[in-house]
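Pasting input.cif here (mmCIF, N, CA and C atoms):
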```cif
data_my_file
loop_
_atom_site.label_atom_id
_atom_site.label_comp_id
_atom_site.auth_asym_id
_atom_site.auth_seq_id
_atom_site.Cartn_x
_atom_site.Cartn_y
_atom_site.Cartn_z
N MET A 1 138.19 114.32 102.98
CA MET A 1 137.54 113.32 102.16
C MET A 1 136.59 112.45 103.00
N LYS A 2 137.05 112.02 104.18
CA LYS A 2 136.22 111.20 105.05
C LYS A 2 134.96 111.95 105.48
N THR A 3 135.10 113.22 105.80
CA THR A 3 133.92 113.98 106.22
C THR A 3 132.94 114.14 105.06
N SER A 4 133.46 114.24 103.85
CA SER A 4 132.59 114.36 102.69
C SER A 4 131.77 113.07 102.49
N ILE A 5 132.41 111.93 102.69
CA ILE A 5 131.70 110.65 102.59
C ILE A 5 130.67 110.54 103.70
N ASN A 6 131.02 110.99 104.89
CA ASN A 6 130.10 110.98 106.02
C ASN A 6 128.90 111.89 105.73
N GLN A 7 129.16 113.05 105.15
CA GLN A 7 128.07 113.96 104.79
C GLN A 7 127.17 113.34 103.73
N ALA A 8 127.77 112.67 102.76
CA ALA A 8 126.99 112.01 101.71
C ALA A 8 126.12 110.91 102.31
N TYR A 9 126.67 110.18 103.28
CA TYR A 9 125.93 109.13 103.95
C TYR A 9 124.68 109.70 104.64
N HIS A 10 124.86 110.77 105.38
CA HIS A 10 123.74 111.39 106.09
C HIS A 10 122.75 112.03 105.12
N GLN A 11 123.25 112.56 104.04
CA GLN A 11 122.39 113.16 103.01
C GLN A 11 121.47 112.08 102.40
N ILE A 12 122.06 110.93 102.08
CA ILE A 12 121.28 109.84 101.50
C ILE A 12 120.29 109.29 102.52
N LEU A 13 120.72 109.13 103.75
CA LEU A 13 119.81 108.64 104.79
C LEU A 13 118.61 109.56 104.96
N SER A 14 118.84 110.86 104.92
CA SER A 14 117.72 111.79 105.07
C SER A 14 116.75 111.68 103.89
N LEU A 15 117.26 111.33 102.72
CA LEU A 15 116.38 111.11 101.57
C LEU A 15 115.60 109.81 101.72
N LEU A 16 116.30 108.75 102.17
CA LEU A 16 115.67 107.44 102.28
C LEU A 16 114.62 107.37 103.39
N VAL A 17 114.69 108.27 104.33
CA VAL A 17 113.69 108.32 105.39
C VAL A 17 112.33 108.69 104.80
N GLN A 18 112.35 109.52 103.77
CA GLN A 18 111.11 110.02 103.18
C GLN A 18 110.44 108.99 102.26
N ARG A 19 111.24 108.32 101.42
CA ARG A 19 110.71 107.30 100.50
C ARG A 19 111.86 106.46 99.97
N GLU A 20 111.52 105.39 99.24
CA GLU A 20 112.53 104.55 98.61
C GLU A 20 113.09 105.26 97.38
N TYR A 21 114.37 105.09 97.14
CA TYR A 21 115.04 105.63 95.95
C TYR A 21 115.87 104.52 95.32
N SER A 22 116.00 104.57 94.00
CA SER A 22 116.93 103.65 93.33
C SER A 22 118.34 104.18 93.52
N ALA A 23 119.31 103.32 93.31
CA ALA A 23 120.71 103.73 93.45
C ALA A 23 121.05 104.83 92.44
N LEU A 24 120.51 104.73 91.23
CA LEU A 24 120.77 105.75 90.22
C LEU A 24 120.19 107.10 90.63
N GLU A 25 118.98 107.10 91.18
CA GLU A 25 118.38 108.35 91.64
C GLU A 25 119.22 109.01 92.72
N LEU A 26 119.70 108.20 93.67
CA LEU A 26 120.52 108.75 94.75
C LEU A 26 121.84 109.29 94.21
N THR A 27 122.42 108.58 93.26
CA THR A 27 123.66 109.05 92.64
C THR A 27 123.44 110.39 91.95
N GLN A 28 122.35 110.49 91.20
CA GLN A 28 122.04 111.74 90.50
C GLN A 28 121.79 112.88 91.48
N LYS A 29 121.04 112.61 92.54
CA LYS A 29 120.74 113.66 93.52
C LYS A 29 122.01 114.18 94.18
N LEU A 30 122.88 113.27 94.58
CA LEU A 30 124.10 113.70 95.24
C LEU A 30 125.08 114.35 94.27
N SER A 31 125.08 113.91 93.03
CA SER A 31 125.95 114.54 92.02
C SER A 31 125.55 115.99 91.81
N THR A 32 124.25 116.26 91.80
CA THR A 32 123.81 117.64 91.62
C THR A 32 124.16 118.51 92.83
N LYS A 33 124.35 117.86 93.99
CA LYS A 33 124.73 118.62 95.18
C LYS A 33 126.24 118.77 95.31
N GLY A 34 126.98 118.28 94.31
CA GLY A 34 128.42 118.51 94.29
C GLY A 34 129.29 117.37 94.78
N TYR A 35 128.70 116.22 95.08
CA TYR A 35 129.49 115.08 95.53
C TYR A 35 130.06 114.35 94.31
N ALA A 36 131.27 113.84 94.45
CA ALA A 36 131.91 113.08 93.38
C ALA A 36 131.44 111.63 93.44
N ILE A 37 131.51 110.96 92.30
CA ILE A 37 131.11 109.55 92.22
C ILE A 37 131.94 108.71 93.19
N GLU A 38 133.22 109.06 93.36
CA GLU A 38 134.09 108.32 94.27
C GLU A 38 133.60 108.42 95.71
N GLU A 39 132.88 109.46 96.04
CA GLU A 39 132.33 109.62 97.38
C GLU A 39 130.98 108.92 97.51
N ILE A 40 130.24 108.87 96.43
CA ILE A 40 128.88 108.33 96.47
C ILE A 40 128.88 106.80 96.47
N GLU A 41 129.72 106.19 95.63
CA GLU A 41 129.71 104.73 95.46
C GLU A 41 129.91 103.96 96.77
N PRO A 42 130.93 104.28 97.58
CA PRO A 42 131.09 103.51 98.83
C PRO A 42 129.92 103.68 99.79
N VAL A 43 129.31 104.84 99.76
CA VAL A 43 128.15 105.08 100.62
C VAL A 43 126.98 104.20 100.17
N LEU A 44 126.76 104.12 98.87
CA LEU A 44 125.67 103.28 98.35
C LEU A 44 125.90 101.81 98.66
N VAL A 45 127.15 101.37 98.56
CA VAL A 45 127.49 99.98 98.89
C VAL A 45 127.19 99.70 100.36
N GLN A 46 127.60 100.61 101.23
CA GLN A 46 127.37 100.44 102.66
C GLN A 46 125.87 100.43 102.98
N LEU A 47 125.12 101.32 102.36
CA LEU A 47 123.68 101.37 102.60
C LEU A 47 122.98 100.11 102.09
N ALA A 48 123.45 99.58 100.98
CA ALA A 48 122.87 98.33 100.45
C ALA A 48 123.20 97.16 101.38
N GLN A 49 124.41 97.13 101.91
CA GLN A 49 124.80 96.06 102.83
C GLN A 49 123.97 96.12 104.12
N ASN A 50 123.67 97.32 104.57
CA ASN A 50 122.86 97.49 105.78
C ASN A 50 121.37 97.39 105.49
N ASN A 51 121.03 97.16 104.23
CA ASN A 51 119.65 97.03 103.76
C ASN A 51 118.84 98.32 103.95
N TYR A 52 119.51 99.45 103.92
CA TYR A 52 118.81 100.73 103.97
C TYR A 52 118.34 101.13 102.57
N GLN A 53 119.09 100.72 101.57
CA GLN A 53 118.74 101.02 100.18
C GLN A 53 118.73 99.71 99.41
N SER A 54 117.64 99.49 98.69
CA SER A 54 117.51 98.27 97.89
C SER A 54 116.77 98.61 96.60
N ASP A 55 117.41 98.30 95.47
CA ASP A 55 116.75 98.54 94.19
C ASP A 55 115.53 97.64 94.02
N GLU A 56 115.59 96.44 94.57
CA GLU A 56 114.45 95.53 94.47
C GLU A 56 113.26 96.06 95.27
N ARG A 57 113.52 96.53 96.48
CA ARG A 57 112.45 97.10 97.30
C ARG A 57 111.88 98.35 96.65
N PHE A 58 112.77 99.19 96.10
CA PHE A 58 112.32 100.38 95.38
C PHE A 58 111.42 99.99 94.21
N SER A 59 111.85 98.98 93.45
CA SER A 59 111.09 98.55 92.27
C SER A 59 109.70 98.07 92.65
N LYS A 60 109.62 97.26 93.69
CA LYS A 60 108.32 96.75 94.12
C LYS A 60 107.40 97.88 94.55
N ALA A 61 107.92 98.82 95.32
CA ALA A 61 107.11 99.96 95.77
C ALA A 61 106.69 100.82 94.58
N PHE A 62 107.60 101.03 93.65
CA PHE A 62 107.32 101.86 92.48
C PHE A 62 106.25 101.22 91.60
N VAL A 63 106.37 99.92 91.36
CA VAL A 63 105.39 99.21 90.53
C VAL A 63 104.03 99.21 91.21
N LEU A 64 103.99 98.98 92.51
CA LEU A 64 102.72 99.01 93.24
C LEU A 64 102.07 100.39 93.14
N MET A 65 102.86 101.43 93.32
CA MET A 65 102.33 102.79 93.23
C MET A 65 101.77 103.06 91.84
N ARG A 66 102.52 102.69 90.81
CA ARG A 66 102.08 102.97 89.43
C ARG A 66 100.87 102.14 89.03
N THR A 67 100.79 100.89 89.45
CA THR A 67 99.61 100.09 89.12
C THR A 67 98.38 100.62 89.85
N ASN A 68 98.56 101.10 91.07
CA ASN A 68 97.44 101.71 91.79
C ASN A 68 96.98 102.99 91.11
N GLN A 69 97.87 103.64 90.39
CA GLN A 69 97.51 104.84 89.62
C GLN A 69 96.91 104.48 88.27
N GLY A 70 96.85 103.19 87.94
CA GLY A 70 96.28 102.76 86.68
C GLY A 70 97.22 102.88 85.49
N LYS A 71 98.50 102.70 85.73
CA LYS A 71 99.49 102.79 84.65
C LYS A 71 99.78 101.39 84.11
N GLY A 72 100.08 101.32 82.82
CA GLY A 72 100.34 100.05 82.15
C GLY A 72 101.79 99.64 82.19
N ASP A 73 102.04 98.42 81.71
CA ASP A 73 103.38 97.84 81.79
C ASP A 73 104.39 98.54 80.90
N VAL A 74 103.96 99.07 79.77
CA VAL A 74 104.89 99.76 78.88
C VAL A 74 105.44 101.00 79.57
N LEU A 75 104.56 101.78 80.17
CA LEU A 75 104.97 103.00 80.86
C LEU A 75 105.80 102.68 82.10
N ILE A 76 105.38 101.69 82.86
CA ILE A 76 106.09 101.33 84.09
C ILE A 76 107.51 100.86 83.78
N SER A 77 107.65 99.98 82.79
CA SER A 77 109.00 99.49 82.47
C SER A 77 109.88 100.60 81.93
N GLN A 78 109.30 101.52 81.18
CA GLN A 78 110.07 102.67 80.68
C GLN A 78 110.54 103.54 81.84
N GLN A 79 109.66 103.81 82.79
CA GLN A 79 110.04 104.64 83.94
C GLN A 79 111.06 103.94 84.83
N LEU A 80 110.95 102.62 84.97
CA LEU A 80 111.94 101.88 85.75
C LEU A 80 113.32 101.98 85.10
N LYS A 81 113.37 101.89 83.79
CA LYS A 81 114.66 102.01 83.09
C LYS A 81 115.26 103.39 83.30
N GLN A 82 114.41 104.41 83.33
CA GLN A 82 114.90 105.77 83.58
C GLN A 82 115.49 105.89 84.98
N LYS A 83 115.01 105.06 85.89
CA LYS A 83 115.49 105.11 87.26
C LYS A 83 116.60 104.09 87.52
N GLY A 84 117.09 103.46 86.45
CA GLY A 84 118.24 102.57 86.57
C GLY A 84 117.89 101.12 86.85
N ILE A 85 116.64 100.74 86.75
CA ILE A 85 116.21 99.36 86.98
C ILE A 85 115.94 98.73 85.62
N GLU A 86 116.81 97.82 85.21
CA GLU A 86 116.71 97.25 83.86
C GLU A 86 115.82 96.02 83.79
N ASP A 87 115.90 95.16 84.79
CA ASP A 87 115.21 93.88 84.67
C ASP A 87 114.32 93.61 85.88
N PHE A 88 113.11 94.12 85.83
CA PHE A 88 112.14 93.83 86.87
C PHE A 88 111.01 93.04 86.23
N ASP A 89 110.59 91.95 86.86
CA ASP A 89 109.59 91.06 86.29
C ASP A 89 108.19 91.60 86.55
N LEU A 90 107.53 92.03 85.49
CA LEU A 90 106.16 92.55 85.58
C LEU A 90 105.13 91.49 85.22
N SER A 91 105.57 90.27 84.96
CA SER A 91 104.65 89.23 84.47
C SER A 91 103.65 88.76 85.53
N THR A 92 103.90 89.05 86.79
CA THR A 92 102.98 88.61 87.84
C THR A 92 101.74 89.49 87.92
N ILE A 93 101.75 90.62 87.24
CA ILE A 93 100.63 91.56 87.30
C ILE A 93 99.75 91.36 86.08
N ASP A 94 98.45 91.32 86.29
CA ASP A 94 97.49 91.16 85.19
C ASP A 94 97.14 92.54 84.64
N PHE A 95 97.89 92.96 83.64
CA PHE A 95 97.67 94.29 83.08
C PHE A 95 96.41 94.36 82.22
N PHE A 96 95.92 93.22 81.75
CA PHE A 96 94.66 93.21 81.02
C PHE A 96 93.52 93.62 81.96
N GLU A 97 93.48 93.02 83.15
CA GLU A 97 92.45 93.37 84.13
C GLU A 97 92.59 94.83 84.57
N LEU A 98 93.81 95.27 84.72
CA LEU A 98 94.05 96.66 85.10
C LEU A 98 93.54 97.60 84.02
N ALA A 99 93.80 97.28 82.76
CA ALA A 99 93.31 98.11 81.65
C ALA A 99 91.79 98.15 81.64
N LYS A 100 91.16 97.00 81.91
CA LYS A 100 89.69 96.97 81.98
C LYS A 100 89.17 97.89 83.09
N ARG A 101 89.81 97.80 84.26
CA ARG A 101 89.38 98.64 85.39
C ARG A 101 89.56 100.12 85.10
N VAL A 102 90.68 100.47 84.47
CA VAL A 102 90.96 101.87 84.16
C VAL A 102 89.93 102.41 83.17
N ARG A 103 89.62 101.62 82.12
CA ARG A 103 88.61 102.04 81.15
C ARG A 103 87.24 102.15 81.79
N LEU A 104 86.90 101.18 82.63
CA LEU A 104 85.61 101.17 83.32
C LEU A 104 85.46 102.39 84.22
N LYS A 105 86.49 102.72 84.94
CA LYS A 105 86.44 103.87 85.85
C LYS A 105 86.26 105.18 85.09
N LYS A 106 86.92 105.31 83.96
CA LYS A 106 86.88 106.56 83.20
C LYS A 106 85.61 106.68 82.36
N TYR A 107 85.19 105.58 81.72
CA TYR A 107 84.12 105.66 80.73
C TYR A 107 82.86 104.87 81.08
N GLY A 108 82.87 104.11 82.16
CA GLY A 108 81.69 103.35 82.53
C GLY A 108 81.62 102.01 81.81
N GLU A 109 80.52 101.28 82.07
CA GLU A 109 80.39 99.92 81.54
C GLU A 109 80.05 99.89 80.06
N GLN A 110 79.39 100.92 79.57
CA GLN A 110 78.95 100.94 78.17
C GLN A 110 80.14 101.02 77.22
N LEU A 111 80.24 100.03 76.32
CA LEU A 111 81.29 100.07 75.30
C LEU A 111 80.94 101.13 74.26
N PRO A 112 81.94 101.73 73.66
CA PRO A 112 81.66 102.77 72.66
C PRO A 112 80.94 102.20 71.44
N LYS A 113 79.98 102.98 70.93
CA LYS A 113 79.20 102.53 69.78
C LYS A 113 79.86 102.92 68.46
N ASP A 114 80.46 104.09 68.43
CA ASP A 114 81.05 104.54 67.17
C ASP A 114 82.58 104.48 67.22
N TYR A 115 83.16 104.52 66.04
CA TYR A 115 84.60 104.39 65.90
C TYR A 115 85.35 105.53 66.60
N LYS A 116 84.81 106.73 66.51
CA LYS A 116 85.48 107.91 67.08
C LYS A 116 85.64 107.77 68.60
N GLU A 117 84.59 107.35 69.26
CA GLU A 117 84.64 107.18 70.72
C GLU A 117 85.56 106.02 71.10
N LYS A 118 85.52 104.95 70.32
CA LYS A 118 86.40 103.81 70.59
C LYS A 118 87.87 104.22 70.44
N ALA A 119 88.16 104.99 69.40
CA ALA A 119 89.53 105.46 69.18
C ALA A 119 89.98 106.36 70.32
N LYS A 120 89.07 107.17 70.82
CA LYS A 120 89.38 108.07 71.95
C LYS A 120 89.74 107.25 73.19
N GLN A 121 88.96 106.23 73.47
CA GLN A 121 89.22 105.39 74.64
C GLN A 121 90.51 104.59 74.47
N GLN A 122 90.78 104.14 73.25
CA GLN A 122 92.02 103.42 72.99
C GLN A 122 93.23 104.32 73.18
N ARG A 123 93.14 105.56 72.71
CA ARG A 123 94.24 106.51 72.90
C ARG A 123 94.47 106.79 74.38
N PHE A 124 93.37 106.88 75.13
CA PHE A 124 93.49 107.09 76.57
C PHE A 124 94.26 105.95 77.23
N LEU A 125 93.89 104.71 76.90
CA LEU A 125 94.58 103.56 77.49
C LEU A 125 96.03 103.49 77.04
N GLN A 126 96.28 103.86 75.79
CA GLN A 126 97.65 103.86 75.29
C GLN A 126 98.48 104.92 76.01
N SER A 127 97.87 106.06 76.30
CA SER A 127 98.61 107.11 77.03
C SER A 127 98.90 106.69 78.46
N ARG A 128 98.12 105.76 78.98
CA ARG A 128 98.34 105.24 80.32
C ARG A 128 99.42 104.16 80.35
N GLY A 129 99.90 103.74 79.17
CA GLY A 129 101.00 102.80 79.13
C GLY A 129 100.62 101.36 78.87
N PHE A 130 99.43 101.12 78.36
CA PHE A 130 99.03 99.76 78.01
C PHE A 130 99.39 99.50 76.56
N ASP A 131 99.74 98.24 76.26
CA ASP A 131 100.09 97.93 74.87
C ASP A 131 98.83 97.61 74.06
N LEU A 132 99.00 97.55 72.74
CA LEU A 132 97.85 97.38 71.85
C LEU A 132 97.13 96.06 72.07
N GLU A 133 97.86 95.02 72.40
CA GLU A 133 97.23 93.72 72.65
C GLU A 133 96.27 93.81 73.83
N GLN A 134 96.71 94.42 74.92
CA GLN A 134 95.85 94.57 76.09
C GLN A 134 94.64 95.45 75.78
N ILE A 135 94.88 96.52 75.03
CA ILE A 135 93.79 97.44 74.68
C ILE A 135 92.76 96.74 73.81
N ASN A 136 93.22 96.00 72.82
CA ASN A 136 92.29 95.29 71.94
C ASN A 136 91.52 94.23 72.69
N GLN A 137 92.14 93.57 73.67
CA GLN A 137 91.44 92.58 74.49
C GLN A 137 90.32 93.24 75.29
N VAL A 138 90.58 94.43 75.80
CA VAL A 138 89.57 95.13 76.59
C VAL A 138 88.31 95.36 75.75
N PHE A 139 88.48 95.73 74.50
CA PHE A 139 87.33 96.06 73.67
C PHE A 139 86.71 94.82 73.01
N SER A 140 87.43 93.73 72.94
CA SER A 140 86.87 92.54 72.29
C SER A 140 86.14 91.63 73.26
N CYS A 141 86.51 91.65 74.54
CA CYS A 141 85.93 90.69 75.48
C CYS A 141 84.66 91.20 76.14
N GLU A 142 84.48 92.50 76.19
CA GLU A 142 83.30 93.02 76.92
C GLU A 142 82.08 93.03 76.05
#
```
File written out as structure tokens:
Amino acid sequence: MKTSINQAYHQILSLLVQREYSALELTQKLSTKGYAIEEIEPVLVQLAQNNYQSDERFSKAFVLMRTNQGKGDVLISQQLKQKGIEDFDLSTIDFFELAKRVRLKKYGEQLPKDYKEKAKQQRFLQSRGFDLEQINQVFSCE
């Protein structure tokens, strides 16, 4: 049993060397490799105490990566929940400005003249994870 916990510890460390992971992601990865939850939990606690694994650090890196990719708050919060992060504060990020930049990069400065093109651009922004309020602001302010 001790060697199994030791193996789980080294397995998680080798994953964390590559990138940040949430605790849920690490639990899922090790579960698929055959480790029991009783073996995984103490390892995660020890790694968190040693500050090798942090859900907060993972969340910050994940949100930064997704905003740099031009993703909106709806999509980001949904993906965070899938990774086991329930309450991360996204209010510090100006998603309206991000939506403007994403639309500008894809379609240029010219606002759409006809309804069909406007609807196409709105669907694009919605698929990127922006909410309707942000999308409507993008088209009303420019």
- Message: Running the PyMOL selection byres ((chain A and resi 96-101) around 7) on this model by hand, what would come out? Give it as a count of residues only.
- Response: 14
- Task: Excluding Asp131 (chain A) and any residue of its chain fewer than 2 positions from it, enumerate the residues within 8 Å of it, using only N, CA and C atoms, and give them as a VMD selection string.
- Result: chain A and resid 72 to 75 95 125 to 126 128 to 129 133 to 137
- Query: Can you tell me how far CA of Gln49 (chain A) sits from CA of Glu25 (chain A), in Å to one decimal?
  - Reply: 17.8 Å
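With atom C of Val17 (chain A) on one side and atom C of Glu38 (chain A) on the other, the separation reads 23.1 Å.
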- Query: Taking the file as shown, what set of residues would the PyMOL selection byres (((chain A and resi 62 and name CA) around 10) and name CA) give back, as a PyMOL selection string?
  - Reply: chain A and resi 20-22+56-61+63-68+76+79-80
The PyMOL selection byres (((chain A and resi 7 and name CA) around 12) and name CA) resolved against shown file, as a PDB file with N, CA and C atoms, keeping the file's coordinate frame:
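selection.pdb was written with the following content:
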```pdb
ATOM      1  N   MET A   1     138.190 114.320 102.980  1.00  0.00           N
ATOM      2  CA  MET A   1     137.540 113.320 102.160  1.00  0.00           C
ATOM      3  C   MET A   1     136.590 112.450 103.000  1.00  0.00           C
ATOM      4  N   LYS A   2     137.050 112.020 104.180  1.00  0.00           N
ATOM      5  CA  LYS A   2     136.220 111.200 105.050  1.00  0.00           C
ATOM      6  C   LYS A   2     134.960 111.950 105.480  1.00  0.00           C
ATOM      7  N   THR A   3     135.100 113.220 105.800  1.00  0.00           N
ATOM      8  CA  THR A   3     133.920 113.980 106.220  1.00  0.00           C
ATOM      9  C   THR A   3     132.940 114.140 105.060  1.00  0.00           C
ATOM     10  N   SER A   4     133.460 114.240 103.850  1.00  0.00           N
ATOM     11  CA  SER A   4     132.590 114.360 102.690  1.00  0.00           C
ATOM     12  C   SER A   4     131.770 113.070 102.490  1.00  0.00           C
ATOM     13  N   ILE A   5     132.410 111.930 102.690  1.00  0.00           N
ATOM     14  CA  ILE A   5     131.700 110.650 102.590  1.00  0.00           C
ATOM     15  C   ILE A   5     130.670 110.540 103.700  1.00  0.00           C
ATOM     16  N   ASN A   6     131.020 110.990 104.890  1.00  0.00           N
ATOM     17  CA  ASN A   6     130.100 110.980 106.020  1.00  0.00           C
ATOM     18  C   ASN A   6     128.900 111.890 105.730  1.00  0.00           C
ATOM     19  N   ALA A   8     127.770 112.670 102.760  1.00  0.00           N
ATOM     20  CA  ALA A   8     126.990 112.010 101.710  1.00  0.00           C
ATOM     21  C   ALA A   8     126.120 110.910 102.310  1.00  0.00           C
ATOM     22  N   TYR A   9     126.670 110.180 103.280  1.00  0.00           N
ATOM     23  CA  TYR A   9     125.930 109.130 103.950  1.00  0.00           C
ATOM     24  C   TYR A   9     124.680 109.700 104.640  1.00  0.00           C
ATOM     25  N   HIS A  10     124.860 110.770 105.380  1.00  0.00           N
ATOM     26  CA  HIS A  10     123.740 111.390 106.090  1.00  0.00           C
ATOM     27  C   HIS A  10     122.750 112.030 105.120  1.00  0.00           C
ATOM     28  N   GLN A  11     123.250 112.560 104.040  1.00  0.00           N
ATOM     29  CA  GLN A  11     122.390 113.160 103.010  1.00  0.00           C
ATOM     30  C   GLN A  11     121.470 112.080 102.400  1.00  0.00           C
ATOM     31  N   ILE A  12     122.060 110.930 102.080  1.00  0.00           N
ATOM     32  CA  ILE A  12     121.280 109.840 101.500  1.00  0.00           C
ATOM     33  C   ILE A  12     120.290 109.290 102.520  1.00  0.00           C
ATOM     34  N   LEU A  13     120.720 109.130 103.750  1.00  0.00           N
ATOM     35  CA  LEU A  13     119.810 108.640 104.790  1.00  0.00           C
ATOM     36  C   LEU A  13     118.610 109.560 104.960  1.00  0.00           C
ATOM     37  N   SER A  14     118.840 110.860 104.920  1.00  0.00           N
ATOM     38  CA  SER A  14     117.720 111.790 105.070  1.00  0.00           C
ATOM     39  C   SER A  14     116.750 111.680 103.890  1.00  0.00           C
ATOM     40  N   LEU A  30     122.880 113.270  94.580  1.00  0.00           N
ATOM     41  CA  LEU A  30     124.100 113.700  95.240  1.00  0.00           C
ATOM     42  C   LEU A  30     125.080 114.350  94.270  1.00  0.00           C
ATOM     43  N   LYS A  33     124.350 117.860  93.990  1.00  0.00           N
ATOM     44  CA  LYS A  33     124.730 118.620  95.180  1.00  0.00           C
ATOM     45  C   LYS A  33     126.240 118.770  95.310  1.00  0.00           C
ATOM     46  N   GLY A  34     126.980 118.280  94.310  1.00  0.00           N
ATOM     47  CA  GLY A  34     128.420 118.510  94.290  1.00  0.00           C
ATOM     48  C   GLY A  34     129.290 117.370  94.780  1.00  0.00           C
ATOM     49  N   TYR A  35     128.700 116.220  95.080  1.00  0.00           N
ATOM     50  CA  TYR A  35     129.490 115.080  95.530  1.00  0.00           C
ATOM     51  C   TYR A  35     130.060 114.350  94.310  1.00  0.00           C
ATOM     52  N   GLU A  39     132.880 109.460  96.040  1.00  0.00           N
ATOM     53  CA  GLU A  39     132.330 109.620  97.380  1.00  0.00           C
ATOM     54  C   GLU A  39     130.980 108.920  97.510  1.00  0.00           C
ATOM     55  N   ILE A  40     130.240 108.870  96.430  1.00  0.00           N
ATOM     56  CA  ILE A  40     128.880 108.330  96.470  1.00  0.00           C
ATOM     57  C   ILE A  40     128.880 106.800  96.470  1.00  0.00           C
ATOM     58  N   VAL A  43     129.310 104.840  99.760  1.00  0.00           N
ATOM     59  CA  VAL A  43     128.150 105.080 100.620  1.00  0.00           C
ATOM     60  C   VAL A  43     126.980 104.200 100.170  1.00  0.00           C
TER      61      VAL A  43
END
```
- Message: Using Å and a single decimal, report how far atom C of Gln53 (chain A) sits from atom C of Glu86 (chain A).
- Response: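 Separating atom C of Glu86 (chain A) from atom C of Gln53 (chain A) is a distance of 16.3 Å.
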- Note on the structure: From the list A:Phe139, A:Lys83, A:Leu15, A:Pro42, the nearest residue to Leu111 (chain A) using all atoms listed in the file is A:Phe139
Centre and edge lengths, as AutoDock Vina command-line options, for the axis-aligned box enclosing every listed atom of region 89-105 of chain A with 6 Å of padding on each of the six sides, in Å to one decimal?
```
--center_x 98.0 --center_y 96.9 --center_z 84.5 --size_x 37.1 --size_y 28.6 --size_z 18.9
```
- Message: Could you go through region 3-54 of chain A and tell me which residues DSSP, when run on the backbone, assigns to helix (DSSP H, G or I), listing them as a PyMOL selection string?
- Response: chain A and resi 3-18+23-32+37-49
